[in-house]
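> Dropping a structure here in structure tokens format, bear with me for questions.
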Amino acid sequence: MSFDVDEDILQDFLIEAGEILELLSEQLVELENDPNNRDLLNAIFRGFHTVKGGAGFLSLHALVDTCHGAENVFDTMRNGGRQLSPELMDVILQSLDTINAQFAAVQAREEPEPASPELLQALTILSEPGDHMPGGAAATSAAPEQAPEPEASAPTHISGDGGVDDITEDEFEALLDELQGARKPAAPAPEPTAPAGPAAASSSDEMTDDEFEALLDQLHGGGKPATPAPAAEQAPASEPEQKSASSASGDISDDEFEALLDNLHGKGQFKTESGKAVEPAKPEPAKAKPEPAKPAAAQPAASKPEPAKAAAPVAAKKEAPKPAAPAAETTVRVDTRRLDEIMNMVGELVLVRNRLLLLNSNSEDEDLGKAIANLDVVTGDLQGAVMQTRMQPIKKVFGRFPRVVRDLARSLKKEINLELSGEDTDLDKNLVEALADPLVHLVRNAVDHGVEMPDVREANGKPRLGTVKLSASQEGDHILLAIEDDGAGMDAEKLKSIAIRKGVLDADAAARMSDEEAYNLIFAAGFSTKEQISDVSGRGVGMDVVKTKINQLNGSVRIDSELGRGTRLEIKVPLTLAILPTLMVKVGEQTFALPLATVNEIINMDIKLTNTVDGQLTMIVREKAIPLFYLNQWLNKKPDPNFKRDRGHVVVVTLGTQQVGFVVDALIGQEEVVIKPLDRMLQGTPGMAGATITSDGGIALILDVPSLLKKYAKRYTKR
Amino acid sequence: MSSDNRSLKQKATVSDSDDPVLQWVTFQLAEETYGINVMQVQEVLRHSEIAPVPGAPDYVLGIINLRGNVVTVIDTRTRFGLPTTEVTDNTRVVIIEAEQQVIGILVDSVAEVVYLRSSEIDSAPNVGTEESARFIQGVSNREGELLILVDLNKLLTDEEWDELSQI
């Protein structure tokens, strides 16, 4: 089907709701660990609420219904009507899955399937306050312990009829629901409009809250509480104002007021620290004013800003230190394709700079030299700045793990605690996306293979609760990701014996293998320690895919394991994919670029230090024999008549745990290059990762070391 | 050349729609004259340094730097099953667009642009080698000289793609 809604609005909704949904799954798992966190409860409630609002505006009823159900449950919970239980969490997570599925359908421009009636039924039941805690008691008991929660505070109801005072918040909201036929308990619209006069009230009655909010959202460029937690901090501050304010603002409950503020301000504002949380109140009048001017605002919208304006100045007055930050929207959404284009152009600029630097080194002109030095600095800064715009916190990937681990642990009946650290580490957007799958795989492995069953753990003198640690940090020009578990660890001998049985390895080689090399066997294609097969992992695909994927990113994987103590996997990836530091070498007449990340050291070729072992030329480097390969023999189409075996330099590259020496004819130096993919005709040419334009305007092929070895050194890699 | 082109194009547009005039860029390859549709030709370059790509199919000469873009150059002689020759002053790289990609083809020399009416083009007799016959769209007899029209899209057929992707 096709939607007859404005594509722009739909796009805004998709982007925004997508972010919220991502955040929700994270928050839900967090909530399970910290069930009494009211800020979190509120944040989750608002998350569902916002998605519902947007969906309502786009008439995505299936999505609205599911969100509504989940939202109600959280409303009950935050009012103390129900405690979090694992069963409740399952239902909520299930509904989040449903919402995600429906959302995916909307993304594909299809009508979302309605949620199953059972799920909606379950949600309805859960949204009723639990038996053990009657609604009335909940509200009254909630009042003292939940100081910032205004629903229960008296002023909320003062201007209502006398009867309202006697009923609980739940009932009150339920009543409101009924009155408006709306589907949402925390209804900001009708209440704030009340003081604006009967005329306004009647006009807003005809509009559901969802529509109204969606309208507001639209007016404000989709600014919404993406990180609503700080908003809650604001509650205590604004509450007194509300009380002292005219009856006009007395009618607005805190939550509604917050929702209003959220809507009025871009989410950028709410990214501020809690200390500054009151700040958004200040710009309010300015922001609110333009609203009625917009024709789209129509009558009901125009009535809304009134209470907001009334409340805001009061809040502003009370606020002593005035933040200097400008009130205007400080963030802009940019199409990633545009960023890619910019990045490309910067790449070209870097090449031109390299070229100028080279030209300048042969020139005597001092002024030119200065100008080029300047250009060098500016280009470097520009490159850094553009790269920064593409950076995203790894949180985007990490965020899904609490859920993955929870679900997996539950289905495997294991007890696992996931610790995340360094979530704010920034890395290139493309890298974040590319790392997502390998990381999920590794974390699943850690949960499935790594951590033992609780009983086994206890028997081994470990705590029942296993721990999986996921960390990220920046180390110089690369990112280090570590996945650590305190599980059984890997048995190097067992791995070797399996490898021998599967014909991946022969017995002699196995005997010589260090433990670390043995751990790397798990990356071999088709290798699976079959005894452990499960529906989660162990099918023997995957680990080699993980390795390949990380190699593609010019990254490396290292495994460290101790039997009985746990396993640690380290992944190193470069900060960005757009620009590759390389070592330029000459082979015959041609220039080739070796990715610098793989280069370990460079030594002079000395034929006296070489030996032929088992038909393979090797060289002793730091008391270790490494195989030597003449790139000239591999990469020169015509045999070079001047080829001498005893000349050249050895570039030692690291491949996993192995070291290999490449003999090249000459070294040119280090250069940052932009990878140009090869044509379709040449794509997949073994050993070639791409091409690049060198600083002298020539062309150089970028070597892909693993596939180069695979193609030319068959015998060697087979072992 | 570009102004020439424009006037040629005008001629083409005024022609009879039943029998349209097509323009062909002709090039020499081992004493034979070949023609390729002018619409597929982007530019003609002098022979410059071509960086060979180790491991590539034998008819791929290598890659060149075309104003910052990497373009693959194929050896048309090898592709047509002809013996290779030395590079001369006349050797040209014709940059063409075929199958949605830009590639360069190395030819002995580029001659001129000719116009042919559709009716002047005959289906291909069995000329040239078997290899080259696969890429021939038709022939035209022009002033006693045979012009072989090449179908560039077939120059790299789908089979070739498959073959290449298997390497």
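Residue numbers start at 1 in each chain; chains themselves are named A, B, ... in the order of the structure tokens; ligands are numbered from 1 in the order shown.
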Using only C-alpha atoms, determine which residues of chain A fall within 8 Å of chain B; present them as a ChimeraX atom specification.
/A:348,590,634-637,676-687,691-693,697-701
> Given the choices B:Asp75, B:Glu97, B:Glu31, B:Asp19, which gets closest to B:Glu145 if the distance is worked out from only C-alpha atoms?
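Distance minimum relative to B:Glu145 lands on B:Glu31.
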> DSSP says helix (DSSP H, G or I) for which residues of stretch 2-146 of chain B? Put them as a VMD selection string?
chain B and resid 2 to 14 38 to 40 76 to 79 118 to 120 130 to 133
> So how far away is atom CA of B:Trp24 from atom CA of B:Arg117, in Å?
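Rounded to one decimal, the two atoms are 10.7 Å apart.
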> So how many Å separate atom CA of A:Leu23 and atom CA of A:Arg109, to one decimal?
22.7 Å
> Could you state the separation of atom CA of A:Val557 and atom CA of A:Thr657 in Å, given to one decimal place?
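That distance, rounded to one decimal, is 9.3 Å.
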> Name the residues in contact with stretch 474-487 of chain A at a cut-off of 7 Å, using only C-alpha atoms, excluding same-chain residues fewer than 4 positions from it; report them as a ChimeraX atom specification.
/A:425,443,446,450-452,466-470,564-575
> Enumerate, as a ChimeraX atom specification, the complete set of residues in stretch 19-160 of chain B that a backbone-based DSSP assignment places in strand (DSSP E or B).
/B:21-29,32-37,41-46,51,60-66,69-75,92-98,101-107,109-117,122,136-142,145-150
> For a quick check of understanding, using only C-alpha atoms, which of A:Leu521, A:Asp335, A:Ile702, A:Leu349 has the smallest distance to A:Ile498?
A:Leu521
> So, with only C-alpha atoms as the atoms that count, which of A:Gly399, A:Glu562, A:Met343, A:His649 lies closest to A:Glu19?
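With only C-alpha atoms as the atom set, the closest residue is A:Gly399.
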> Give me the residues within 9 Å of A:Leu435 as number ranges by chain, counting only C-alpha atoms and dropping any in the same chain fewer than 6 places off.
A: 397, 549-550, 553
> Quick one: write out the picked residues with N, CA and C atoms as an mmCIF file, in the first residue's frame?

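Final output, selection-v1.cif:
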data_model
loop_
_atom_site.group_PDB
_atom_site.id
_atom_site.type_symbol
_atom_site.label_atom_id
_atom_site.label_comp_id
_atom_site.auth_asym_id
_atom_site.auth_seq_id
_atom_site.Cartn_x
_atom_site.Cartn_y
_atom_site.Cartn_z
ATOM 1 N N VAL A 397 25.638 0.497 18.936
ATOM 2 C CA VAL A 397 25.706 -0.955 18.812
ATOM 3 C C VAL A 397 25.539 -1.597 20.179
ATOM 4 N N LYS A 549 35.123 -10.202 8.225
ATOM 5 C CA LYS A 549 34.508 -8.881 8.288
ATOM 6 C C LYS A 549 35.458 -7.877 8.952
ATOM 7 N N ILE A 550 36.083 -8.321 10.028
ATOM 8 C CA ILE A 550 36.963 -7.404 10.745
ATOM 9 C C ILE A 550 38.223 -7.142 9.928
ATOM 10 N N LEU A 553 37.696 -4.500 7.520
ATOM 11 C CA LEU A 553 37.720 -3.162 8.111
ATOM 12 C C LEU A 553 39.146 -2.775 8.486
#
> For stretch 408-412 of chain A, list every protein, DNA or RNA residue within 10 Å, evaluated using only C-alpha atoms, and leave out those in the same chain fewer than 3 positions away; present the list as a list in words.
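Those residues are Pro402, Arg403, Val404, Val405, Glu415, Ile416, Asn417, Arg444, Val447, Asp448, Val451, Met453, Gly466, Ser534 and Val536 of chain A.
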> Hey, can you spit out that residue selection with N, CA and C atoms as a compact mmCIF listing (two decimals), in the first residue's frame?

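File selection_10.txt, as written:
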# COMPACT_ATOMS: atom_id res chain seq x y z
N PRO A 402 22.23 -5.41 25.91
CA PRO A 402 21.50 -5.82 27.12
C PRO A 402 20.32 -6.72 26.79
N ARG A 403 19.63 -6.36 25.73
CA ARG A 403 18.47 -7.15 25.34
C ARG A 403 18.90 -8.52 24.81
N VAL A 404 19.92 -8.52 23.96
CA VAL A 404 20.40 -9.78 23.39
C VAL A 404 20.81 -10.73 24.50
N VAL A 405 21.59 -10.21 25.44
CA VAL A 405 22.10 -11.05 26.52
C VAL A 405 20.97 -11.53 27.41
N GLU A 415 22.53 -17.39 34.20
CA GLU A 415 22.44 -16.13 34.90
C GLU A 415 23.64 -15.28 34.51
N ILE A 416 23.33 -14.23 33.82
CA ILE A 416 24.43 -13.44 33.25
C ILE A 416 24.21 -11.95 33.48
N ASN A 417 25.28 -11.33 33.88
CA ASN A 417 25.26 -9.89 34.05
C ASN A 417 26.14 -9.27 32.98
N ARG A 444 27.04 -13.25 21.61
CA ARG A 444 26.22 -14.46 21.72
C ARG A 444 27.11 -15.67 22.04
N VAL A 447 28.07 -15.67 25.63
CA VAL A 447 26.98 -16.09 26.50
C VAL A 447 26.74 -17.58 26.36
N ASP A 448 26.77 -18.05 25.12
CA ASP A 448 26.42 -19.44 24.87
C ASP A 448 27.56 -20.39 25.24
N VAL A 451 30.11 -18.52 29.14
CA VAL A 451 29.61 -18.63 30.51
C VAL A 451 28.93 -19.98 30.70
N MET A 453 26.67 -22.99 32.88
CA MET A 453 25.40 -23.03 33.59
C MET A 453 25.65 -22.67 35.06
N GLY A 466 27.16 -15.19 36.04
CA GLY A 466 28.29 -14.99 35.15
C GLY A 466 28.36 -13.54 34.70
N SER A 534 24.20 -25.62 19.50
CA SER A 534 22.90 -25.23 20.02
C SER A 534 22.23 -24.40 18.96
N VAL A 536 21.74 -21.48 19.14
CA VAL A 536 22.25 -20.12 19.23
C VAL A 536 23.53 -19.96 18.44
> Within 10 Å of B:Thr88, counting only C-alpha atoms, which residues show up once you throw out same-chain ones fewer than 5 positions away? Write them as a list in words, please.
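Final neighbour list, sorted by chain and number: His47, Asp108 and Ser109 of chain B.
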